[in-house]
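**Q** Okay, here's the structure, questions in a sec.
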Amino acid sequence: MKEIRHEPVAPTRTQWLAPGAAIDPHRHDDHQIVYAGRGVLAVTTSTGLWIAPATRAIWVPAGTVHAHQAHGELALHLVGLPASENPLNLAEPAVLTVGPLLRELILAHTDAPPDESPDSPERARLRAVLLDQLRVSPQQPVHLPTPSSPQLKAVCEILRTNPADNRTLPALGREVGASDRTLSRLFKADLGMTFPQWRTQLRLYRALVLLAEDTPVTTVAHRCGWSSASAFIDVFRRSFGHTPGAHQPRS
């Protein structure tokens with residue numbers, strides 16, 4: 001088993017990750033805000049997979065073991081906060097909406113000149129406004145919980161392998177040896193969501209990855225199981241507030 005790195009201080013900085021690059025599991029004694037200014041970021045924790053396109057940031061509480069995965073060329077912006085300072089009052093990871101002002105505050109805070117003191121009055125004022133914006137940032141889950149039930153794991157793995165699999169829950173249940181009633185109960189009890197909700201989250205996650213790789217929207221819709229590009233665009237817009245094209249590198 002690979003040793004989990006312990007980095008006491010969560011850094012505040014900007015770094016670039018190549019498409020497909022990863023940062024191994026590690027933990028900090030500090031809280032951290034993780035934001036992808038470009039590309040799509042996946043953060044894996046013990047509770048599941050958290051997805052952050054450029055309109056979202058991920059809150060990683062102190063002590064949480066997490067790993068990063070880049071989809072597309074990734075501009076990774078990291079904001080470290082002392083464990084004693086929790087503007088969100090959250091003890092679990094969360095995905096937050098990043099509006100235009102919060103985005104610019106994160107970019108400015110993480111791109112500060114290396115010779116500028118982190119304790120300067122200018123940085124202190126910038127950080128105070130950033131924390132204020134975090135406190136009012138709505139949570140927008142783009143989260144794939146990790147199942148613990150063997151039967152549920154089997155169903156989820158089938159769909160992870162092929163998100164376009166449109167079989168019903170009873171049909172999937174027959175393949176894994178469980179009734180649809182049992183699986184429905186497990187989805188709610190184990191993952192906190194219904195089967196259709198989980199499948200939609202999976203498809204949105206896979207869609208974000210494909211879009212970051214500059215896959216055409218129509219192809220993304222087909223590979224992720226939507227009946228048409230227009231149906232995909234409608235679900236995507238309702239979930240993220242804009243069309244899929246905004247996430248493509250060439251856009």
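Convention: chains lettered A, B, ... in structure tokens order; per-chain residue numbering from 1; ligands numbered from 1 as shown.
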Write out as a PDB file with N, CA, C and O atoms, in the first residue's frame the residues lying within 7 Å of region 101-113 of chain A, counting only C-alpha atoms and excluding same-chain residues fewer than 2 positions away.
**A**
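part.pdb, written as the output of this step:
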ATOM      1  N   THR A  12      -0.336  27.941  -0.687  1.00  0.00           N
ATOM      2  CA  THR A  12      -1.102  28.903  -1.487  1.00  0.00           C
ATOM      3  C   THR A  12      -0.244  29.234  -2.695  1.00  0.00           C
ATOM      4  O   THR A  12       0.803  29.880  -2.565  1.00  0.00           O
ATOM      5  N   ARG A  13      -0.660  28.757  -3.871  1.00  0.00           N
ATOM      6  CA  ARG A  13       0.155  28.939  -5.064  1.00  0.00           C
ATOM      7  C   ARG A  13      -0.651  28.546  -6.294  1.00  0.00           C
ATOM      8  O   ARG A  13      -1.762  28.029  -6.195  1.00  0.00           O
ATOM      9  N   THR A  14      -0.045  28.796  -7.464  1.00  0.00           N
ATOM     10  CA  THR A  14      -0.585  28.344  -8.744  1.00  0.00           C
ATOM     11  C   THR A  14       0.405  27.378  -9.362  1.00  0.00           C
ATOM     12  O   THR A  14       1.610  27.615  -9.320  1.00  0.00           O
ATOM     13  N   HIS A  77      -5.083  26.297  -8.866  1.00  0.00           N
ATOM     14  CA  HIS A  77      -4.917  27.391  -7.908  1.00  0.00           C
ATOM     15  C   HIS A  77      -5.260  26.862  -6.517  1.00  0.00           C
ATOM     16  O   HIS A  77      -6.364  26.365  -6.286  1.00  0.00           O
ATOM     17  N   LEU A  78      -4.313  26.968  -5.590  1.00  0.00           N
ATOM     18  CA  LEU A  78      -4.453  26.418  -4.250  1.00  0.00           C
ATOM     19  C   LEU A  78      -4.429  27.546  -3.219  1.00  0.00           C
ATOM     20  O   LEU A  78      -3.541  28.404  -3.254  1.00  0.00           O
ATOM     21  N   VAL A  79      -5.391  27.530  -2.320  1.00  0.00           N
ATOM     22  CA  VAL A  79      -5.451  28.520  -1.241  1.00  0.00           C
ATOM     23  C   VAL A  79      -5.460  27.771   0.081  1.00  0.00           C
ATOM     24  O   VAL A  79      -6.409  27.033   0.385  1.00  0.00           O
ATOM     25  N   VAL A  98     -18.172  29.244  -8.114  1.00  0.00           N
ATOM     26  CA  VAL A  98     -17.188  30.317  -8.245  1.00  0.00           C
ATOM     27  C   VAL A  98     -17.713  31.334  -9.247  1.00  0.00           C
ATOM     28  O   VAL A  98     -17.716  31.101 -10.455  1.00  0.00           O
ATOM     29  N   GLY A  99     -18.191  32.459  -8.731  1.00  0.00           N
ATOM     30  CA  GLY A  99     -18.639  33.544  -9.584  1.00  0.00           C
ATOM     31  C   GLY A  99     -17.464  34.377 -10.060  1.00  0.00           C
ATOM     32  O   GLY A  99     -16.311  34.143  -9.661  1.00  0.00           O
ATOM     33  N   ASP A 115       8.018  37.993  -4.258  1.00  0.00           N
ATOM     34  CA  ASP A 115       8.707  38.858  -3.301  1.00  0.00           C
ATOM     35  C   ASP A 115       7.732  39.618  -2.402  1.00  0.00           C
ATOM     36  O   ASP A 115       8.142  40.373  -1.527  1.00  0.00           O
ATOM     37  N   GLU A 116       6.426  39.411  -2.608  1.00  0.00           N
ATOM     38  CA  GLU A 116       5.439  40.100  -1.784  1.00  0.00           C
ATOM     39  C   GLU A 116       5.194  39.316  -0.499  1.00  0.00           C
ATOM     40  O   GLU A 116       4.951  38.111  -0.530  1.00  0.00           O
ATOM     41  N   LEU A 130     -11.717  37.677   0.003  1.00  0.00           N
ATOM     42  CA  LEU A 130     -11.840  36.312  -0.509  1.00  0.00           C
ATOM     43  C   LEU A 130     -12.632  35.443   0.476  1.00  0.00           C
ATOM     44  O   LEU A 130     -13.529  34.690   0.084  1.00  0.00           O
ATOM     45  N   GLN A 133     -16.299  36.216   0.396  1.00  0.00           N
ATOM     46  CA  GLN A 133     -16.951  35.629  -0.774  1.00  0.00           C
ATOM     47  C   GLN A 133     -17.157  34.123  -0.603  1.00  0.00           C
ATOM     48  O   GLN A 133     -18.164  33.566  -1.038  1.00  0.00           O
TER      49      GLN A 133
END
**Q** Fewer than 6 positions away in the same chain doesn't count, so skip those; otherwise give me all residues within 10 Å of Val220 (chain A), counting only C-alpha atoms, as a PyMOL selection string.
**A** chain A and resi 203-204+206-211+214+226+228-229+232+244
**Q** Could you state the separation of CA of Pro121 (chain A) and CA of Ala36 (chain A) in Å, given to one decimal place?
**A**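 Taking CA of Pro121 (chain A) as the start and CA of Ala36 (chain A) as the end point, the length is 26.7 Å.
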**Q** What lies within 8 Å of region 157-160 of chain A using only C-alpha atoms, ignoring chain neighbours under 5 positions off, as JSON, numbers by chain?
**A** {"A": [165, 199, 202]}
**Q** Give the answer as one residue: which of A:His68, A:Arg238, A:Lys188, A:Lys153 has the shortest atom-to-atom distance to Val176 (chain A), using only C-alpha atoms?
**A**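 Closest candidate: A:Lys153.
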